[in-house]
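Undergrad: File start.tsv follows (TSV, C-alpha atoms):
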chain	number	residue	atom	x	y	z
A	1	MET	CA	180.76	104.44	58.12
A	2	ASN	CA	178.85	106.40	55.48
A	3	HIS	CA	181.00	107.23	52.49
A	4	ASP	CA	180.87	110.78	51.13
A	5	LEU	CA	182.45	111.69	47.79
A	6	SER	CA	180.63	114.97	47.35
A	7	GLY	CA	182.67	117.40	45.28
A	8	ARG	CA	185.07	114.68	44.16
A	9	VAL	CA	185.70	113.64	40.55
A	10	VAL	CA	186.26	109.95	39.87
A	11	VAL	CA	187.63	108.63	36.58
A	12	VAL	CA	186.56	105.08	35.70
A	13	THR	CA	188.11	103.42	32.67
A	14	GLY	CA	185.91	100.71	31.24
A	15	GLY	CA	183.14	102.33	33.26
A	16	ASN	CA	180.31	101.74	30.82
A	17	SER	CA	179.73	98.07	31.71
A	18	GLY	CA	180.45	95.28	34.17
A	19	ILE	CA	182.64	95.84	37.19
A	20	GLY	CA	183.68	99.31	36.06
A	21	LEU	CA	180.06	100.43	35.73
A	22	GLY	CA	179.29	99.03	39.16
A	23	MET	CA	182.19	100.89	40.77
A	24	ALA	CA	181.29	104.10	38.94
A	25	GLU	CA	177.70	103.95	40.10
A	26	GLY	CA	178.77	103.21	43.65
A	27	CYS	CA	180.80	106.41	43.66
A	28	ALA	CA	178.01	108.41	42.03
A	29	LYS	CA	175.52	107.24	44.65
A	30	VAL	CA	177.64	108.87	47.36
A	31	GLY	CA	178.07	112.15	45.53
A	32	ALA	CA	181.04	111.84	43.16
A	33	ASP	CA	181.05	113.34	39.69
A	34	ILE	CA	182.08	110.66	37.21
A	35	ALA	CA	184.25	110.60	34.08
A	36	ILE	CA	183.77	107.47	31.98
A	37	TRP	CA	186.71	106.58	29.73
A	38	SER	CA	185.93	103.79	27.28
A	39	ARG	CA	185.97	103.05	23.58
A	40	ARG	CA	182.26	103.25	22.72
A	41	ALA	CA	180.77	106.74	22.86
A	42	ASP	CA	177.16	105.48	22.80
A	43	ARG	CA	177.65	103.21	25.78
A	44	ASN	CA	179.61	105.89	27.60
A	45	GLU	CA	176.61	108.21	27.31
A	46	GLU	CA	174.24	105.48	28.53
A	47	ALA	CA	176.44	105.03	31.60
A	48	CYS	CA	176.59	108.80	32.15
A	49	LYS	CA	172.80	108.96	32.16
A	50	LYS	CA	172.78	106.40	34.97
A	51	MET	CA	175.26	108.50	36.92
A	52	ARG	CA	173.30	111.73	36.41
A	53	ALA	CA	170.20	110.03	37.81
A	54	HIS	CA	171.96	110.23	41.17
A	55	GLY	CA	172.19	114.01	40.92
A	56	VAL	CA	175.86	114.24	39.95
A	57	ARG	CA	177.72	115.41	36.88
A	58	ALA	CA	179.03	112.83	34.43
A	59	ALA	CA	181.03	113.03	31.23
A	60	GLY	CA	182.06	110.36	28.75
A	61	PHE	CA	185.34	110.32	26.85
A	62	THR	CA	186.01	107.99	23.94
A	63	CYS	CA	189.28	106.37	24.92
A	64	ASP	CA	191.16	103.22	23.97
A	65	THR	CA	193.32	102.58	27.02
A	66	GLY	CA	195.88	100.88	24.81
A	67	ASP	CA	196.59	104.25	23.18
A	68	GLU	CA	198.75	106.77	25.06
A	69	ALA	CA	197.53	109.81	23.11
A	70	GLN	CA	193.89	108.97	23.81
A	71	ILE	CA	194.58	108.57	27.53
A	72	ILE	CA	196.31	111.95	27.69
A	73	ALA	CA	193.41	113.55	25.81
A	74	ALA	CA	190.85	111.95	28.13
A	75	ALA	CA	192.66	113.25	31.20
A	76	GLU	CA	192.83	116.75	29.77
A	77	GLY	CA	189.18	116.58	28.75
A	78	THR	CA	188.12	115.43	32.21
A	79	VAL	CA	189.84	118.37	33.89
A	80	ALA	CA	188.44	120.80	31.32
A	81	GLU	CA	184.87	119.57	31.78
A	82	LEU	CA	184.73	118.46	35.44
A	83	GLY	CA	187.48	120.61	36.89
A	84	ARG	CA	189.75	118.08	38.59
A	85	ILE	CA	190.56	114.39	39.17
A	86	ASP	CA	190.42	113.00	42.71
A	87	SER	CA	190.25	109.25	42.14
A	88	CYS	CA	190.82	106.83	39.29
A	89	VAL	CA	189.49	103.30	38.94
A	90	ALA	CA	191.30	101.47	36.13
A	91	ALA	CA	188.77	98.82	35.18
A	92	ALA	CA	189.26	98.69	31.41
A	93	GLY	CA	190.66	95.41	30.21
A	94	THR	CA	190.62	92.77	27.55
A	95	GLY	CA	190.39	89.02	27.67
A	96	GLY	CA	193.24	86.73	26.82
A	97	TYR	CA	193.60	83.98	24.28
A	98	THR	CA	192.96	80.32	25.09
A	99	LYS	CA	195.96	78.73	23.42
A	100	SER	CA	198.83	76.62	24.61
A	101	LEU	CA	202.12	78.40	25.22
A	102	ILE	CA	203.78	77.10	22.07
A	103	ASP	CA	200.94	78.46	19.89
A	104	VAL	CA	200.93	82.02	21.23
A	105	SER	CA	202.43	84.77	19.10
A	106	LEU	CA	204.27	87.78	20.47
A	107	GLU	CA	201.62	89.96	18.82
A	108	GLU	CA	198.85	88.30	20.83
A	109	TRP	CA	200.88	88.55	24.04
A	110	ARG	CA	201.48	92.26	23.48
A	111	ARG	CA	197.86	92.98	22.57
A	112	VAL	CA	196.64	91.81	25.97
A	113	ASN	CA	199.42	93.44	27.96
A	114	THR	CA	199.10	96.75	26.10
A	115	VAL	CA	195.55	97.21	27.37
A	116	ASN	CA	195.64	95.40	30.72
A	117	PHE	CA	199.03	96.54	32.00
A	118	ASP	CA	200.47	99.38	29.92
A	119	GLY	CA	197.06	101.05	29.81
A	120	VAL	CA	196.77	101.10	33.59
A	121	PHE	CA	200.28	102.49	33.94
A	122	LEU	CA	199.49	105.30	31.50
A	123	THR	CA	196.11	106.01	33.07
A	124	PHE	CA	197.61	106.18	36.56
A	125	ARG	CA	200.46	108.38	35.31
A	126	GLU	CA	198.14	110.98	33.82
A	127	CYS	CA	195.69	110.96	36.72
A	128	ALA	CA	198.49	111.13	39.30
A	129	LYS	CA	199.96	114.16	37.50
A	130	GLN	CA	196.71	116.01	38.02
A	131	MET	CA	196.35	114.89	41.64
A	132	ILE	CA	199.89	116.00	42.47
A	133	GLU	CA	199.24	119.37	40.83
A	134	GLN	CA	196.04	119.79	42.87
A	135	GLY	CA	198.02	119.03	46.01
A	136	ASP	CA	195.31	117.45	48.15
A	137	GLY	CA	195.79	113.73	47.59
A	138	GLY	CA	193.64	111.17	45.86
A	139	ALA	CA	193.15	107.48	45.16
A	140	LEU	CA	194.20	105.10	42.38
A	141	VAL	CA	192.50	101.71	42.10
A	142	SER	CA	193.50	98.95	39.69
A	143	VAL	CA	191.19	96.08	38.82
A	144	SER	CA	193.31	92.95	38.84
A	145	SER	CA	191.91	89.41	38.92
A	146	THR	CA	192.04	86.19	40.89
A	147	SER	CA	193.99	84.96	37.85
A	148	ALA	CA	196.89	86.88	39.39
A	149	ILE	CA	197.10	84.41	42.29
A	150	HIS	CA	196.10	81.06	40.84
A	151	GLY	CA	197.19	79.20	37.75
A	152	ALA	CA	195.26	80.39	34.70
A	153	GLN	CA	196.36	77.86	32.14
A	154	ARG	CA	196.13	78.81	28.47
A	155	ASN	CA	195.59	82.40	29.54
A	156	HIS	CA	199.18	83.43	30.19
A	157	ALA	CA	199.06	87.04	29.01
A	158	TYR	CA	195.91	87.86	30.95
A	159	ALA	CA	197.22	86.31	34.16
A	160	SER	CA	200.61	87.97	33.76
A	161	SER	CA	199.10	91.40	33.09
A	162	LYS	CA	196.86	91.14	36.14
A	163	THR	CA	199.75	89.96	38.31
A	164	GLY	CA	201.79	92.92	37.11
A	165	LEU	CA	199.11	95.27	38.42
A	166	LEU	CA	199.75	94.05	41.95
A	167	GLY	CA	203.42	94.98	41.69
A	168	LEU	CA	202.55	98.33	40.15
A	169	THR	CA	200.07	98.99	42.95
A	170	ARG	CA	202.61	98.34	45.68
A	171	ALA	CA	205.34	100.38	44.00
A	172	LEU	CA	203.09	103.37	43.43
A	173	ALA	CA	201.67	103.16	46.95
A	174	VAL	CA	205.18	103.77	48.29
A	175	GLU	CA	206.11	106.42	45.75
A	176	LEU	CA	202.92	108.46	45.93
A	177	ALA	CA	202.31	108.33	49.67
A	178	ARG	CA	204.18	111.62	50.07
A	179	HIS	CA	201.52	113.20	47.88
A	180	LYS	CA	198.70	111.67	49.96
A	181	ILE	CA	197.69	109.50	47.02
A	182	ARG	CA	196.55	106.01	48.03
A	183	VAL	CA	196.96	103.10	45.61
A	184	ASN	CA	195.08	99.82	45.96
A	185	SER	CA	193.89	96.88	43.85
A	186	ILE	CA	190.88	94.65	43.79
A	187	LEU	CA	190.90	91.02	42.65
A	188	PRO	CA	187.41	90.12	41.42
A	189	GLY	CA	186.34	86.53	41.15
A	190	TRP	CA	184.00	85.12	38.53
A	191	THR	CA	181.64	87.93	37.57
A	192	ILE	CA	178.87	88.10	34.98
A	193	THR	CA	180.24	90.62	32.48
A	194	GLU	CA	180.31	91.00	28.73
A	195	MET	CA	183.94	89.85	28.62
A	196	ALA	CA	183.20	86.77	30.71
A	197	GLY	CA	179.99	86.08	28.81
A	198	PRO	CA	181.26	83.12	26.76
A	199	ALA	CA	182.62	81.43	29.90
A	200	TYR	CA	179.36	81.97	31.75
A	201	ALA	CA	177.40	80.60	28.80
A	202	ASN	CA	179.41	77.36	28.96
A	203	GLU	CA	177.19	75.30	31.24
A	204	ARG	CA	179.92	72.89	32.34
A	205	PHE	CA	182.39	75.67	33.11
A	206	ARG	CA	179.74	77.66	34.98
A	207	GLU	CA	178.86	74.62	37.08
A	208	VAL	CA	182.49	73.91	37.97
A	209	THR	CA	183.34	77.48	38.94
A	210	THR	CA	180.09	77.90	40.88
A	211	ALA	CA	180.70	74.68	42.80
A	212	ARG	CA	184.15	75.94	43.79
A	213	THR	CA	182.76	79.27	44.99
A	214	PRO	CA	181.49	79.05	48.60
A	215	VAL	CA	178.64	81.52	47.98
A	216	ARG	CA	177.61	79.22	45.10
A	217	ARG	CA	177.13	81.79	42.36
A	218	TRP	CA	178.93	84.30	40.15
A	219	ALA	CA	178.98	87.99	41.11
A	220	THR	CA	177.25	90.79	39.25
A	221	GLY	CA	178.75	94.18	38.43
A	222	GLU	CA	176.40	95.87	40.89
A	223	GLU	CA	178.08	94.06	43.76
A	224	PHE	CA	181.18	96.22	43.23
A	225	GLU	CA	179.36	99.47	43.93
A	226	ALA	CA	180.28	99.51	47.63
A	227	VAL	CA	183.88	98.52	46.83
A	228	GLY	CA	184.26	101.52	44.53
A	229	ALA	CA	182.83	103.95	47.07
A	230	TYR	CA	185.06	102.51	49.79
A	231	LEU	CA	188.35	102.64	47.91
A	232	CYS	CA	187.75	106.16	46.57
A	233	ASP	CA	186.67	107.59	49.93
A	234	PRO	CA	189.14	110.33	50.98
A	235	ALA	CA	188.47	109.48	54.63
A	236	LEU	CA	190.51	106.26	54.25
A	237	THR	CA	193.80	108.06	54.71
A	238	PHE	CA	195.80	105.06	56.02
A	239	HIS	CA	194.74	102.39	53.54
A	240	THR	CA	197.24	101.96	50.71
A	241	GLY	CA	199.30	99.28	48.97
A	242	ASP	CA	196.58	96.71	49.55
A	243	SER	CA	194.84	94.13	47.38
A	244	LEU	CA	191.20	93.29	48.15
A	245	THR	CA	189.96	89.92	46.97
A	246	VAL	CA	186.25	90.02	46.11
A	247	ASP	CA	185.53	86.52	44.87
A	248	GLY	CA	182.86	84.87	47.01
A	249	GLY	CA	185.56	82.78	48.65
A	250	TYR	CA	186.77	81.17	45.40
A	251	THR	CA	190.48	81.45	46.16
A	252	VAL	CA	190.27	80.07	49.71
A	253	PHE	CA	188.13	77.02	48.96
Take the structure I supplied and represent it as structure tokens, if you would.

TA:
Amino acid sequence: MNHDLSGRVVVVTGGNSGIGLGMAEGCAKVGADIAIWSRRADRNEEACKKMRAHGVRAAGFTCDTGDEAQIIAAAEGTVAELGRIDSCVAAAGTGGYTKSLIDVSLEEWRRVNTVNFDGVFLTFRECAKQMIEQGDGGALVSVSSTSAIHGAQRNHAYASSKTGLLGLTRALAVELARHKIRVNSILPGWTITEMAGPAYANERFREVTTARTPVRRWATGEEFEAVGAYLCDPALTFHTGDSLTVDGGYTVF
């Protein structure tokens, strides 16, 4: 099946690097116009240049997905500049702390959950509003983590926020089906990204995680291009409420 997103507008939060950039470029390669929502304007523009190289429109919006007002403004700006919103990939996130439970403050817990969980809720809410108004369906995609299904010790807030996305995905899949809006999640495994950079740089940790991964390596952001195009494809009218694990076999080995 050849995906075709021509004439569609895809929002990608955290779309200027890593998995988000990969998913954005995958959509751009099959014709989608792209809106990049992320905190750094310079990197947003760099990502937009990559999108435009595929012959599509692209616009960057400076947006901290932990801030409700900035999310609302980014949604309004996207519609003003690109005309509509057809799909949303919520890839923006932050890493957790590496402390024992008894040493974690409520402030630290809330910092992680504000971006990783509340931010996705707010992003989906604003994008879904526009999709419902347009009246011709759409797709919402949350980027969870394999930490949602295995014990991530000393990383409680991150694991909890990513687990929460799976519940949010299923609930919204049921609620929004009447509007022809599909809602799915992906669970990436160990991937070479800026956020995971310190872990990848730790030789011992890299060796252990690679040995546990059947394909014997970490993923790159580019490997999520096809996943993005697939989940945002309007032809997939019956695929909703699902969670796709993309981890090189890590969680089954």

Undergrad: When you look at Gly60 in chain A with a cut-off of 6 Å (counting only C-alpha atoms), what residues show up, excluding the ones that are within fewer than 3 positions of it in the same chain? I need them as a VMD selection string.

TA: chain A and resid 35 to 36 44

Undergrad: Which residues come within 8 Å of Thr62 in chain A, counting all atoms listed in the file, excluding same-chain residues fewer than 2 positions away, as a ChimeraX atom specification?

TA: /A:37-41,44,60,64,70,74

Undergrad: Of the residues A:Gly66, A:Gly20, A:Pro188, A:Gly138, which is the one nearest to Leu236 in chain A, using only C-alpha atoms?

TA: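 Ranked by minimum distance to Leu236 in chain A, first place goes to A:Gly138.
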
Undergrad: Using all atoms listed in the file, I'd like a table of the residues in range 16-124 of chain A that come within 9 Å of range 193-201 of chain A; for each, show the closest atom pair and its distance in Å rounded to one decimal, ordered by chain and ascending number, as a tab-separated table.

TA:
residue	atom	partner	partner_atom	distance
A:Ser17	CA	A:Thr193	CA	7.5
A:Gly18	CA	A:Thr193	CA	5.0
A:Ile19	CA	A:Thr193	CA	7.4
A:Gly93	CA	A:Met195	CA	8.9
A:Thr94	CA	A:Met195	CA	7.4
A:Gly95	CA	A:Met195	CA	6.6

Undergrad: Write a file of the just-selected residues containing C-alpha atoms, as a PDB file, in the coordinates of the input.

TA:
ATOM      1  CA  SER A  17     179.730  98.070  31.710  1.00  0.00           C
ATOM      2  CA  GLY A  18     180.450  95.280  34.170  1.00  0.00           C
ATOM      3  CA  ILE A  19     182.640  95.840  37.190  1.00  0.00           C
ATOM      4  CA  GLY A  93     190.660  95.410  30.210  1.00  0.00           C
ATOM      5  CA  THR A  94     190.620  92.770  27.550  1.00  0.00           C
ATOM      6  CA  GLY A  95     190.390  89.020  27.670  1.00  0.00           C
TER       7      GLY A  95
END

Undergrad: Using all atoms listed in the file, which protein or nucleic acid residues come within 10 Å of Leu122 in chain A? Drop anything in the same chain fewer than 2 positions from it, and give the result as a list in words.

TA: Thr65, Gly66, Asp67, Glu68, Ala69, Ile71, Ile72, Val115, Phe117, Asp118, Gly119, Val120, Phe124, Arg125, Glu126, Cys127 and Ala128 of chain A

Undergrad: Just write the chosen residues, C-alpha atoms, as a PDB file, keeping the file's coordinate frame.

TA:
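After the write, part-v5.pdb holds the following:
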ATOM      1  CA  THR A  65     193.320 102.580  27.020  1.00  0.00           C
ATOM      2  CA  GLY A  66     195.880 100.880  24.810  1.00  0.00           C
ATOM      3  CA  ASP A  67     196.590 104.250  23.180  1.00  0.00           C
ATOM      4  CA  GLU A  68     198.750 106.770  25.060  1.00  0.00           C
ATOM      5  CA  ALA A  69     197.530 109.810  23.110  1.00  0.00           C
ATOM      6  CA  ILE A  71     194.580 108.570  27.530  1.00  0.00           C
ATOM      7  CA  ILE A  72     196.310 111.950  27.690  1.00  0.00           C
ATOM      8  CA  VAL A 115     195.550  97.210  27.370  1.00  0.00           C
ATOM      9  CA  PHE A 117     199.030  96.540  32.000  1.00  0.00           C
ATOM     10  CA  ASP A 118     200.470  99.380  29.920  1.00  0.00           C
ATOM     11  CA  GLY A 119     197.060 101.050  29.810  1.00  0.00           C
ATOM     12  CA  VAL A 120     196.770 101.100  33.590  1.00  0.00           C
ATOM     13  CA  PHE A 124     197.610 106.180  36.560  1.00  0.00           C
ATOM     14  CA  ARG A 125     200.460 108.380  35.310  1.00  0.00           C
ATOM     15  CA  GLU A 126     198.140 110.980  33.820  1.00  0.00           C
ATOM     16  CA  CYS A 127     195.690 110.960  36.720  1.00  0.00           C
ATOM     17  CA  ALA A 128     198.490 111.130  39.300  1.00  0.00           C
TER      18      ALA A 128
END

Undergrad: Which value, in Å to one decimal, gives the distance between CA of Cys63 in chain A and CA of Thr169 in chain A?

TA: 22.3 Å

Undergrad: Smallest atom-to-atom distance to Asp136 in chain A: which of A:Leu101, A:Ala157, A:Leu172, A:Ile85, using all atoms listed in the file?

TA: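 Of A:Leu101, A:Ala157, A:Leu172, A:Ile85, the one nearest Asp136 in chain A is A:Ile85, counting all atoms listed in the file.
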